[in-house]
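Structure file upload-v1.cif; described as mmCIF, C-alpha atoms.
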```cif
data_data
loop_
_atom_site.label_atom_id
_atom_site.label_comp_id
_atom_site.auth_asym_id
_atom_site.auth_seq_id
_atom_site.Cartn_x
_atom_site.Cartn_y
_atom_site.Cartn_z
CA MET K 1 5.00 -10.08 -82.29
CA GLU K 2 4.06 -11.54 -85.65
CA HIS K 3 3.54 -8.05 -87.06
CA LEU K 4 7.00 -6.97 -85.81
CA GLU K 5 8.61 -10.05 -87.36
CA HIS K 6 6.86 -9.33 -90.65
CA ASN K 7 8.22 -5.75 -90.64
CA ILE K 8 11.74 -6.95 -89.88
CA ASN K 9 11.60 -9.52 -92.67
CA GLY K 10 10.30 -6.86 -95.06
CA LYS K 11 13.19 -4.54 -94.23
CA VAL K 12 15.69 -7.36 -94.64
CA ASP K 13 14.23 -8.23 -98.05
CA PHE K 14 14.38 -4.56 -99.09
CA LEU K 15 18.02 -4.24 -98.05
CA THR K 16 18.86 -7.51 -99.78
CA ARG K 17 17.26 -6.24 -102.99
CA ILE K 18 19.27 -3.02 -102.80
CA LYS K 19 22.51 -4.95 -102.20
CA SER K 20 21.72 -7.21 -105.15
CA ALA K 21 21.07 -4.20 -107.38
CA LEU K 22 24.35 -2.56 -106.36
CA LEU K 23 26.28 -5.72 -107.22
CA ASP K 24 24.46 -6.32 -110.51
CA LYS K 25 27.02 -5.34 -113.15
CA GLU K 26 24.43 -5.35 -115.94
CA LYS K 27 22.52 -2.51 -114.25
CA TRP K 28 25.63 -0.32 -114.32
CA ALA K 29 26.88 -1.25 -117.78
CA GLY K 30 28.02 1.87 -119.63
CA LEU K 31 27.95 4.04 -116.49
CA GLY K 32 31.64 4.95 -116.86
CA VAL K 33 31.16 6.27 -120.39
CA ARG K 34 28.05 8.18 -119.32
CA VAL K 35 29.91 9.82 -116.43
CA ILE K 36 32.92 10.84 -118.53
CA SER K 37 30.95 12.23 -121.48
CA GLY K 38 28.46 13.90 -119.13
CA ALA K 39 31.26 15.53 -117.13
CA VAL K 40 32.96 16.83 -120.29
CA LEU K 41 29.71 18.26 -121.62
CA ALA K 42 28.76 19.81 -118.25
CA THR K 43 32.20 21.41 -117.92
CA LEU K 44 31.91 22.97 -121.38
CA VAL K 45 28.43 24.29 -120.60
CA LEU K 46 29.53 25.75 -117.25
CA ILE K 47 32.55 27.49 -118.78
CA LEU K 48 30.47 29.08 -121.53
CA LEU K 49 27.72 29.93 -119.06
CA TRP K 50 30.27 31.72 -116.88
CA VAL K 51 31.61 33.67 -119.87
CA GLY K 52 28.05 34.49 -120.94
CA SER K 53 27.30 37.09 -123.60
CA PHE K 54 27.90 36.07 -127.23
CA PRO K 55 29.84 32.80 -126.59
CA PHE K 56 26.98 31.35 -124.53
CA ALA K 57 24.31 32.54 -126.96
CA PHE K 58 26.31 31.12 -129.87
CA ILE K 59 26.70 27.67 -128.31
CA VAL K 60 22.98 27.64 -127.53
CA PHE K 61 22.32 28.52 -131.17
CA LEU K 62 24.54 25.65 -132.36
CA ALA K 63 22.81 23.31 -129.91
CA ALA K 64 19.44 24.44 -131.28
CA LEU K 65 20.51 23.58 -134.82
CA GLN K 66 21.62 20.11 -133.71
CA MET K 67 18.38 19.53 -131.80
CA LEU K 68 16.32 20.58 -134.82
CA ARG K 69 18.33 18.15 -136.91
CA GLU K 70 17.59 15.36 -134.44
CA TRP K 71 13.91 16.37 -134.28
CA ASP K 72 13.66 16.21 -138.07
CA HIS K 73 15.19 12.74 -137.97
CA LEU K 74 12.71 11.58 -135.33
CA THR K 75 9.68 13.02 -137.13
CA LYS K 76 10.64 12.36 -140.75
CA ASN K 77 7.63 10.06 -141.17
CA GLU K 78 5.20 12.54 -139.61
CA ASP K 79 3.30 15.33 -141.38
CA SER K 80 4.63 18.86 -141.84
CA MET K 81 3.02 20.19 -138.65
CA TRP K 82 5.57 18.24 -136.65
CA GLY K 83 8.27 20.40 -138.18
CA VAL K 84 6.51 23.54 -136.98
CA ALA K 85 6.04 21.97 -133.53
CA GLY K 86 9.75 21.19 -133.47
CA LEU K 87 10.63 24.84 -134.01
CA PHE K 88 8.65 25.82 -130.93
CA TYR K 89 9.90 22.81 -128.97
CA VAL K 90 13.52 23.85 -129.52
CA ALA K 91 13.29 27.63 -129.83
CA VAL K 92 11.31 28.37 -126.65
CA PRO K 93 13.70 26.73 -124.13
CA CYS K 94 16.78 27.99 -126.01
CA ALA K 95 15.49 31.57 -126.07
CA SER K 96 14.42 31.25 -122.43
CA ILE K 97 17.81 30.17 -121.14
CA VAL K 98 19.64 32.91 -123.10
CA TRP K 99 17.19 35.48 -121.72
CA MET K 100 17.70 34.26 -118.15
CA ARG K 101 21.50 34.30 -118.54
CA ASN K 102 21.40 37.94 -119.66
CA LEU K 103 18.91 38.98 -116.99
CA GLN K 104 19.95 41.96 -114.89
CA ILE K 105 18.46 42.45 -111.43
CA GLU K 106 19.14 45.67 -109.58
CA ASN K 107 21.68 45.34 -106.74
CA ILE K 108 22.30 41.65 -107.55
CA GLU K 109 25.55 41.00 -109.41
CA ASN K 110 25.58 38.10 -111.89
CA ALA K 111 21.90 37.40 -111.20
CA GLY K 112 21.34 35.75 -114.58
CA LEU K 113 24.30 33.43 -114.14
CA TYR K 114 23.12 32.21 -110.75
CA ILE K 115 19.52 31.76 -111.87
CA VAL K 116 20.60 29.54 -114.78
CA LEU K 117 22.94 27.62 -112.47
CA TYR K 118 19.98 26.98 -110.18
CA ILE K 119 17.90 25.34 -112.89
CA LEU K 120 20.83 23.40 -114.36
CA PHE K 121 21.84 21.99 -110.98
CA CYS K 122 18.25 21.04 -110.13
CA VAL K 123 17.67 19.25 -113.44
CA TRP K 124 21.05 17.52 -113.33
CA ALA K 125 20.30 16.42 -109.77
CA THR K 126 16.97 15.07 -111.01
CA ASP K 127 18.69 12.98 -113.68
CA ILE K 128 21.28 11.63 -111.23
CA GLY K 129 18.77 10.93 -108.45
CA ALA K 130 16.33 9.24 -110.83
CA TYR K 131 19.06 7.14 -112.44
CA PHE K 132 20.46 5.71 -109.22
CA SER K 133 17.22 5.34 -107.25
CA GLY K 134 15.52 3.74 -110.23
CA ARG K 135 18.23 1.14 -110.66
CA ILE K 136 18.81 0.48 -106.97
CA ILE K 137 15.21 0.42 -105.74
CA GLY K 138 13.36 -0.50 -108.93
CA GLY K 139 9.68 -1.28 -108.42
CA PRO K 140 6.56 -0.27 -110.38
CA LYS K 141 7.07 1.37 -113.75
CA LEU K 142 6.22 5.05 -114.13
CA ALA K 143 4.94 4.92 -117.71
CA PRO K 144 5.80 1.55 -119.28
CA SER K 145 4.09 2.38 -122.57
CA LEU K 146 6.37 5.41 -123.00
CA SER K 147 9.60 4.45 -121.26
CA PRO K 148 9.95 0.88 -119.93
CA ASN K 149 12.95 1.70 -117.72
CA LYS K 150 11.51 4.59 -115.69
CA THR K 151 10.06 3.80 -112.27
CA TRP K 152 8.14 5.64 -109.59
CA ALA K 153 11.18 5.15 -107.37
CA GLY K 154 13.25 6.98 -109.97
CA LEU K 155 10.78 9.87 -110.02
CA GLY K 156 10.81 10.03 -106.23
CA GLY K 157 14.61 9.90 -106.09
CA GLY K 158 14.85 12.65 -108.68
CA MET K 159 12.42 14.85 -106.76
CA VAL K 160 14.31 14.37 -103.49
CA ALA K 161 17.67 15.10 -105.14
CA ALA K 162 16.31 18.20 -106.87
CA GLY K 163 14.65 19.46 -103.69
CA ILE K 164 17.88 19.15 -101.71
CA THR K 165 19.89 20.74 -104.52
CA GLY K 166 17.39 23.57 -104.86
CA GLY K 167 17.66 24.29 -101.15
CA LEU K 168 21.46 24.37 -101.34
CA CYS K 169 21.33 26.64 -104.39
CA HIS K 170 19.60 29.26 -102.25
CA LEU K 171 23.09 30.00 -100.92
CA PHE K 172 23.88 31.84 -104.17
CA SER K 173 20.76 32.14 -106.33
CA PRO K 174 18.65 35.33 -105.98
CA TYR K 175 15.56 33.42 -107.07
CA PRO K 176 13.68 31.63 -105.60
CA THR K 177 13.87 34.05 -102.71
CA THR K 178 13.58 31.70 -99.70
CA VAL K 179 15.00 28.31 -98.77
CA LEU K 180 11.54 26.73 -98.72
CA SER K 181 10.60 28.11 -102.13
CA SER K 182 13.98 26.99 -103.49
CA ILE K 183 13.24 23.45 -102.31
CA ILE K 184 9.69 23.51 -103.68
CA PHE K 185 10.79 24.89 -107.04
CA GLY K 186 13.48 22.21 -107.20
CA ILE K 187 10.82 19.53 -106.77
CA VAL K 188 8.56 21.20 -109.37
CA LEU K 189 11.46 21.35 -111.82
CA ALA K 190 12.14 17.65 -111.20
CA VAL K 191 8.57 16.77 -112.19
CA ALA K 192 8.80 19.01 -115.28
CA ALA K 193 12.14 17.45 -116.22
CA GLN K 194 10.74 13.94 -115.92
CA ALA K 195 7.75 14.99 -118.04
CA GLY K 196 10.14 16.29 -120.68
CA ASP K 197 12.03 13.02 -120.54
CA LEU K 198 8.83 11.02 -121.02
CA PHE K 199 7.75 13.27 -123.90
CA GLU K 200 10.97 12.61 -125.78
CA SER K 201 10.67 8.89 -125.03
CA TRP K 202 7.20 9.00 -126.61
CA ILE K 203 8.59 10.71 -129.72
CA LYS K 204 11.35 8.11 -130.01
CA ARG K 205 8.87 5.26 -129.65
CA ARG K 206 6.80 6.74 -132.45
CA ALA K 207 9.95 6.88 -134.57
CA GLY K 208 11.00 3.37 -133.53
CA VAL K 209 14.49 4.40 -132.39
CA LYS K 210 16.39 4.13 -129.10
CA ASP K 211 18.25 7.45 -129.27
CA SER K 212 17.76 10.71 -131.14
CA SER K 213 21.32 10.37 -132.53
CA THR K 214 24.76 9.02 -131.57
CA LEU K 215 26.35 12.40 -130.88
CA ILE K 216 27.21 11.89 -127.19
CA PRO K 217 28.80 8.57 -126.10
CA GLY K 218 26.68 6.83 -123.48
CA HIS K 219 23.84 9.34 -123.79
CA GLY K 220 22.72 9.26 -127.41
CA GLY K 221 21.76 12.55 -129.01
CA LEU K 222 21.66 16.07 -127.68
CA LEU K 223 17.89 15.83 -127.24
CA ASP K 224 18.45 12.73 -125.10
CA ARG K 225 20.76 14.72 -122.84
CA VAL K 226 18.69 17.88 -122.49
CA ASP K 227 15.14 16.51 -122.74
CA GLY K 228 14.46 17.42 -119.11
CA LEU K 229 15.48 21.02 -119.75
CA MET K 230 13.10 21.37 -122.69
CA PHE K 231 10.11 21.49 -120.32
CA SER K 232 11.69 22.83 -117.13
CA VAL K 233 13.54 25.83 -118.60
CA PRO K 234 10.44 27.56 -120.09
CA LEU K 235 8.48 26.82 -116.92
CA PHE K 236 11.14 28.36 -114.70
CA ALA K 237 11.63 31.30 -117.10
CA MET K 238 7.93 32.11 -116.72
CA PHE K 239 8.28 32.28 -112.94
CA VAL K 240 11.49 34.33 -113.22
CA CYS K 241 9.66 36.76 -115.53
CA ILE K 242 6.89 37.16 -112.96
CA PHE K 243 9.50 37.66 -110.23
CA SER K 244 11.34 40.28 -112.32
CA LEU K 245 8.13 42.19 -113.09
CA SER K 246 7.17 42.19 -109.42
CA ARG K 247 10.46 43.91 -108.59
CA ALA K 248 10.13 46.52 -111.34
#
```
Could you take the file, read its structure, and then write that structure out as C-alpha coordinates?
Amino acid sequence: MEHLEHNINGKVDFLTRIKSALLDKEKWAGLGVRVISGAVLATLVLILLWVGSFPFAFIVFLAALQMLREWDHLTKNEDSMWGVAGLFYVAVPCASIVWMRNLQIENIENAGLYIVLYILFCVWATDIGAYFSGRIIGGPKLAPSLSPNKTWAGLGGGMVAAGITGGLCHLFSPYPTTVLSSIIFGIVLAVAAQAGDLFESWIKRRAGVKDSSTLIPGHGGLLDRVDGLMFSVPLFAMFVCIFSLSRA
(Lines of atoms letter the chains of each structure in order from A and count residues from 1; the text may use other names and numbers.)
(Lines give C-alpha, C1' and ligand atoms only; values in the text may rest on other atoms or scores of the structure.)
Protein backbone atom coordinates (compact mmCIF):
# COMPACT_ATOMS: atom_id res chain seq x y z
CA MET A 1 0.00 0.00 0.00
CA GLU A 2 2.81 2.37 0.90
CA HIS A 3 4.58 1.53 -2.36
CA LEU A 4 1.40 2.26 -4.35
CA GLU A 5 0.94 5.59 -2.57
CA HIS A 6 4.56 6.50 -3.31
CA ASN A 7 4.03 5.77 -7.02
CA ILE A 8 0.86 7.84 -7.12
CA ASN A 9 2.57 10.77 -5.41
CA GLY A 10 5.48 10.49 -7.84
CA LYS A 11 3.14 10.64 -10.83
CA VAL A 12 1.29 13.61 -9.35
CA ASP A 13 4.58 15.45 -8.80
CA PHE A 14 5.65 14.68 -12.38
CA LEU A 15 2.38 15.98 -13.82
CA THR A 16 2.58 19.06 -11.61
CA ARG A 17 6.10 19.76 -12.87
CA ILE A 18 4.94 19.45 -16.48
CA LYS A 19 1.98 21.78 -15.85
CA SER A 20 4.30 24.29 -14.21
CA ALA A 21 6.68 24.14 -17.17
CA LEU A 22 3.85 24.69 -19.64
CA LEU A 23 2.68 27.76 -17.75
CA ASP A 24 6.18 29.21 -17.28
CA LYS A 25 6.30 32.10 -19.74
CA GLU A 26 10.07 32.48 -19.39
CA LYS A 27 10.62 28.98 -20.81
CA TRP A 28 8.74 29.93 -23.98
CA ALA A 29 10.13 33.43 -24.42
CA GLY A 30 10.98 34.04 -28.06
CA LEU A 31 9.13 30.93 -29.26
CA GLY A 32 6.88 32.96 -31.57
CA VAL A 33 9.83 34.54 -33.38
CA ARG A 34 11.53 31.15 -33.66
CA VAL A 35 8.42 29.57 -35.17
CA ILE A 36 7.87 32.34 -37.72
CA SER A 37 11.48 32.60 -38.88
CA GLY A 38 11.83 28.81 -38.89
CA ALA A 39 8.66 28.41 -40.96
CA VAL A 40 9.80 31.02 -43.50
CA LEU A 41 13.21 29.39 -43.85
CA ALA A 42 11.74 25.87 -44.09
CA THR A 43 9.27 26.99 -46.77
CA LEU A 44 12.07 28.51 -48.85
CA VAL A 45 14.17 25.36 -48.52
CA LEU A 46 11.25 23.09 -49.48
CA ILE A 47 10.38 25.18 -52.54
CA LEU A 48 13.96 25.15 -53.80
CA LEU A 49 14.30 21.47 -52.95
CA TRP A 50 11.21 20.72 -55.02
CA VAL A 51 12.57 22.72 -57.96
CA GLY A 52 15.94 21.01 -57.59
CA SER A 53 18.65 21.26 -60.24
CA PHE A 54 20.60 24.54 -60.39
CA PRO A 55 18.38 26.65 -58.05
CA PHE A 56 18.80 24.17 -55.19
CA ALA A 57 22.53 23.74 -55.79
CA PHE A 58 22.95 27.52 -55.96
CA ILE A 59 21.15 28.16 -52.66
CA VAL A 60 23.25 25.44 -51.03
CA PHE A 61 26.35 27.17 -52.41
CA LEU A 62 25.24 30.52 -50.96
CA ALA A 63 24.48 28.82 -47.64
CA ALA A 64 27.97 27.28 -47.68
CA LEU A 65 29.55 30.71 -48.13
CA GLN A 66 27.56 32.09 -45.19
CA MET A 67 28.46 29.11 -43.00
CA LEU A 68 32.15 29.51 -43.85
CA ARG A 69 31.87 33.17 -42.92
CA GLU A 70 30.34 32.24 -39.57
CA TRP A 71 32.96 29.52 -39.04
CA ASP A 72 35.75 32.04 -39.67
CA HIS A 73 34.16 34.35 -37.12
CA LEU A 74 33.95 31.57 -34.53
CA THR A 75 37.52 30.40 -35.08
CA LYS A 76 39.27 33.72 -35.69
CA ASN A 77 41.41 33.22 -32.58
CA GLU A 78 42.36 29.65 -33.51
CA ASP A 79 45.30 28.54 -35.69
CA SER A 80 45.11 28.13 -39.47
CA MET A 81 44.21 24.43 -39.31
CA TRP A 82 40.77 25.41 -38.07
CA GLY A 83 40.18 27.13 -41.39
CA VAL A 84 40.99 23.92 -43.25
CA ALA A 85 38.74 21.96 -40.88
CA GLY A 86 35.96 24.44 -41.58
CA LEU A 87 36.17 23.78 -45.31
CA PHE A 88 35.56 20.08 -44.72
CA TYR A 89 32.95 20.76 -42.05
CA VAL A 90 30.88 22.83 -44.49
CA ALA A 91 31.73 21.29 -47.86
CA VAL A 92 31.04 17.63 -47.03
CA PRO A 93 27.39 18.02 -45.90
CA CYS A 94 26.65 20.59 -48.63
CA ALA A 95 28.05 18.34 -51.36
CA SER A 96 26.26 15.35 -49.83
CA ILE A 97 22.82 16.94 -49.86
CA VAL A 98 23.22 18.18 -53.46
CA TRP A 99 24.32 14.69 -54.50
CA MET A 100 21.34 13.08 -52.79
CA ARG A 101 18.91 15.57 -54.36
CA ASN A 102 20.22 14.72 -57.85
CA LEU A 103 20.27 10.98 -57.21
CA GLN A 104 18.44 8.88 -59.79
CA ILE A 105 17.17 5.43 -58.86
CA GLU A 106 15.81 3.19 -61.58
CA ASN A 107 12.00 2.88 -61.60
CA ILE A 108 11.66 5.39 -58.73
CA GLU A 109 10.55 8.85 -59.81
CA ASN A 110 11.89 11.81 -57.80
CA ALA A 111 13.93 9.46 -55.60
CA GLY A 112 16.47 12.15 -54.69
CA LEU A 113 13.77 14.59 -53.64
CA TYR A 114 12.11 12.09 -51.32
CA ILE A 115 15.39 10.93 -49.81
CA VAL A 116 16.35 14.50 -48.89
CA LEU A 117 12.85 15.13 -47.53
CA TYR A 118 13.30 12.08 -45.31
CA ILE A 119 16.44 13.41 -43.67
CA LEU A 120 15.14 16.98 -43.39
CA PHE A 121 11.90 15.87 -41.74
CA CYS A 122 13.74 13.57 -39.32
CA VAL A 123 16.23 16.26 -38.26
CA TRP A 124 13.53 18.92 -37.98
CA ALA A 125 11.46 16.51 -35.88
CA THR A 126 14.52 15.96 -33.69
CA ASP A 127 14.88 19.70 -33.08
CA ILE A 128 11.18 20.14 -32.30
CA GLY A 129 10.94 17.05 -30.08
CA ALA A 130 14.11 17.96 -28.19
CA TYR A 131 13.04 21.57 -27.72
CA PHE A 132 9.63 20.81 -26.23
CA SER A 133 10.52 17.71 -24.20
CA GLY A 134 13.60 19.42 -22.81
CA ARG A 135 11.63 22.43 -21.62
CA ILE A 136 8.59 20.54 -20.40
CA ILE A 137 10.29 17.59 -18.69
CA GLY A 138 13.70 19.07 -17.89
CA GLY A 139 15.86 16.88 -15.68
CA PRO A 140 19.56 15.95 -15.84
CA LYS A 141 21.74 17.85 -18.28
CA LEU A 142 23.06 16.03 -21.33
CA ALA A 143 26.44 17.78 -21.55
CA PRO A 144 26.49 20.80 -19.22
CA SER A 145 30.09 21.69 -20.07
CA LEU A 146 29.14 22.03 -23.75
CA SER A 147 25.52 23.16 -23.72
CA PRO A 148 23.91 23.98 -20.36
CA ASN A 149 20.35 23.89 -21.73
CA LYS A 150 20.33 20.42 -23.30
CA THR A 151 18.89 17.57 -21.25
CA TRP A 152 18.63 13.81 -21.55
CA ALA A 153 14.87 14.30 -21.76
CA GLY A 154 15.43 16.51 -24.79
CA LEU A 155 17.59 13.85 -26.45
CA GLY A 156 14.95 11.21 -25.72
CA GLY A 157 12.14 13.42 -27.03
CA GLY A 158 14.11 14.15 -30.18
CA MET A 159 14.78 10.46 -30.78
CA VAL A 160 11.11 9.55 -30.31
CA ALA A 161 9.96 12.35 -32.63
CA ALA A 162 12.52 11.41 -35.28
CA GLY A 163 11.65 7.71 -35.04
CA ILE A 164 7.95 8.40 -35.55
CA THR A 165 8.66 10.83 -38.38
CA GLY A 166 11.02 8.37 -40.04
CA GLY A 167 8.36 5.69 -39.94
CA LEU A 168 5.80 8.03 -41.51
CA CYS A 169 8.28 9.07 -44.19
CA HIS A 170 8.36 5.47 -45.38
CA LEU A 171 5.04 6.30 -47.07
CA PHE A 172 6.97 8.20 -49.76
CA SER A 173 10.72 7.70 -49.34
CA PRO A 174 12.37 4.85 -51.31
CA TYR A 175 15.09 4.59 -48.67
CA PRO A 176 15.18 3.24 -46.02
CA THR A 177 13.35 0.34 -47.59
CA THR A 178 11.18 -0.88 -44.68
CA VAL A 179 9.10 0.77 -41.98
CA LEU A 180 11.32 -0.64 -39.23
CA SER A 181 14.53 0.55 -40.89
CA SER A 182 12.93 3.96 -41.49
CA ILE A 183 12.19 4.22 -37.77
CA ILE A 184 15.67 3.04 -36.78
CA PHE A 185 17.39 5.40 -39.21
CA GLY A 186 15.25 8.24 -37.87
CA ILE A 187 16.51 7.53 -34.36
CA VAL A 188 20.12 7.25 -35.59
CA LEU A 189 19.78 10.58 -37.39
CA ALA A 190 18.40 12.14 -34.20
CA VAL A 191 21.52 11.08 -32.28
CA ALA A 192 23.77 12.37 -35.08
CA ALA A 193 21.85 15.66 -35.18
CA GLN A 194 22.20 16.13 -31.42
CA ALA A 195 25.93 15.36 -31.71
CA GLY A 196 26.21 18.02 -34.40
CA ASP A 197 24.37 20.44 -32.16
CA LEU A 198 26.73 19.73 -29.26
CA PHE A 199 29.76 20.10 -31.52
CA GLU A 200 28.70 23.57 -32.60
CA SER A 201 27.93 24.48 -28.98
CA TRP A 202 31.50 23.46 -28.12
CA ILE A 203 32.88 25.67 -30.89
CA LYS A 204 30.80 28.61 -29.68
CA ARG A 205 31.95 28.12 -26.10
CA ARG A 206 35.55 28.18 -27.29
CA ALA A 207 34.80 31.42 -29.10
CA GLY A 208 32.89 32.84 -26.11
CA VAL A 209 29.75 33.68 -28.11
CA LYS A 210 26.09 32.67 -27.83
CA ASP A 211 25.30 32.46 -31.56
CA SER A 212 27.35 32.07 -34.72
CA SER A 213 25.73 35.26 -36.09
CA THR A 214 22.47 37.22 -35.97
CA LEU A 215 21.28 36.24 -39.45
CA ILE A 216 18.04 34.44 -38.47
CA PRO A 217 15.74 36.06 -35.86
CA GLY A 218 15.23 33.76 -32.88
CA HIS A 219 17.76 31.22 -34.12
CA GLY A 220 21.06 33.07 -34.45
CA GLY A 221 23.26 32.19 -37.40
CA LEU A 222 22.85 29.71 -40.20
CA LEU A 223 25.19 27.29 -38.45
CA ASP A 224 22.93 27.48 -35.39
CA ARG A 225 19.97 26.45 -37.55
CA VAL A 226 21.60 23.63 -39.50
CA ASP A 227 24.12 22.29 -36.97
CA GLY A 228 22.21 19.02 -36.69
CA LEU A 229 22.37 18.52 -40.46
CA MET A 230 26.14 18.97 -40.54
CA PHE A 231 26.64 15.54 -38.97
CA SER A 232 23.47 13.71 -40.03
CA VAL A 233 23.56 14.53 -43.76
CA PRO A 234 27.00 12.98 -44.47
CA LEU A 235 26.11 9.96 -42.33
CA PHE A 236 22.88 9.37 -44.21
CA ALA A 237 24.56 10.04 -47.59
CA MET A 238 27.02 7.25 -46.81
CA PHE A 239 24.18 4.79 -46.22
CA VAL A 240 22.35 6.00 -49.35
CA CYS A 241 25.55 5.47 -51.36
CA ILE A 242 25.79 1.89 -50.07
CA PHE A 243 22.11 1.36 -50.89
CA SER A 244 22.58 2.76 -54.41
CA LEU A 245 25.63 0.57 -55.08
CA SER A 246 23.77 -2.51 -53.87
CA ARG A 247 21.07 -1.87 -56.47
CA ALA A 248 23.53 -1.30 -59.31
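Between CA of Leu44 in chain K and CA of Phe56 in chain K the interatomic distance comes to 10.2 Å.
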Closest-contact table, range 181-206 of chain K side, partner range 72-94 of chain K, 10 Å, counting all atoms listed in the file, as JSON lines:
```
{"residue": "K:Glu200", "atom": "CA", "partner": "K:Leu74", "partner_atom": "CA", "distance": 9.8}
{"residue": "K:Ile203", "atom": "CA", "partner": "K:Leu74", "partner_atom": "CA", "distance": 7.0}
{"residue": "K:Lys204", "atom": "CA", "partner": "K:Leu74", "partner_atom": "CA", "distance": 6.5}
{"residue": "K:Arg205", "atom": "CA", "partner": "K:Leu74", "partner_atom": "CA", "distance": 9.3}
{"residue": "K:Arg206", "atom": "CA", "partner": "K:Leu74", "partner_atom": "CA", "distance": 8.2}
```
Writer output for current selection, C-alpha atoms, as a tab-separated table (two decimals), in the frame of the given file:
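Dumped everything to selection-v3.tsv:
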```tsv
chain	number	residue	atom	x	y	z
K	200	GLU	CA	10.97	12.61	-125.78
K	203	ILE	CA	8.59	10.71	-129.72
K	204	LYS	CA	11.35	8.11	-130.01
K	205	ARG	CA	8.87	5.26	-129.65
K	206	ARG	CA	6.80	6.74	-132.45
```
Within 12 Å of Leu46 in chain K, counting only C-alpha atoms, which residues show up once you throw out same-chain ones fewer than 3 positions away? Write them as number ranges by chain, please.
-> K: 39-43, 49-52, 55-56, 59, 101, 113-114, 116-118, 120-121
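When only C-alpha atoms are used to measure the gap to Val160 in chain K, the shortest distance among K:Thr126, K:Val98, K:Tyr175, K:Ser182 belongs to K:Thr126.
In this model, the gap between CA of Arg225 in chain K and CA of Ala161 in chain K comes to 18.0 Å.
Using all atoms listed in the file, the smallest distance between any of K:Ala153, K:Val123, K:Ile136, K:Ile115 and Val191 in chain K comes from K:Val123.
Here CA of Ala162 in chain K stands at a distance of 28.8 Å from CA of Leu65 in chain K.
Closest approach to Gly167 in chain K among K:Ala125, K:Ala143, K:Leu155, K:Val179 is made by K:Val179 (distances from only C-alpha atoms).
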Taking all atoms listed in the file into account, which of K:Asp197, K:Thr214, K:Leu168, K:Phe236 comes nearest Ile183 in chain K?
-> K:Leu168
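Among the candidates K:Trp71, K:Gly38, K:Ala57, K:Ile97, the one nearest to Asp127 in chain K when counting all atoms listed in the file is K:Gly38.
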Please evaluate the PyMOL selection byres ((chain K and resi 150) around 12) against the structure above and give the resulting residues as a count of residues only.
-> 33
With distances taken over all atoms listed in the file, the candidate from K:Met67, K:Ala95, K:Ile36, K:Leu245 nearest Ser213 in chain K is K:Met67
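Put simply, the PyMOL selection byres ((chain K and resi 185) around 9) in this file takes in Cys122, Ala162, Gly163, Gly166, Pro176, Leu180, Ser181, Ser182, Ile183, Ile184, Gly186, Ile187, Val188, Leu189, Ala190 and Phe236 of chain K.
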For range 207-212 of chain K, work out the shell of residues within 6 Å, counting only C-alpha atoms and skipping chain neighbours fewer than 4 positions away, then give it as a ChimeraX atom specification.
-> /K:70,74,220-221
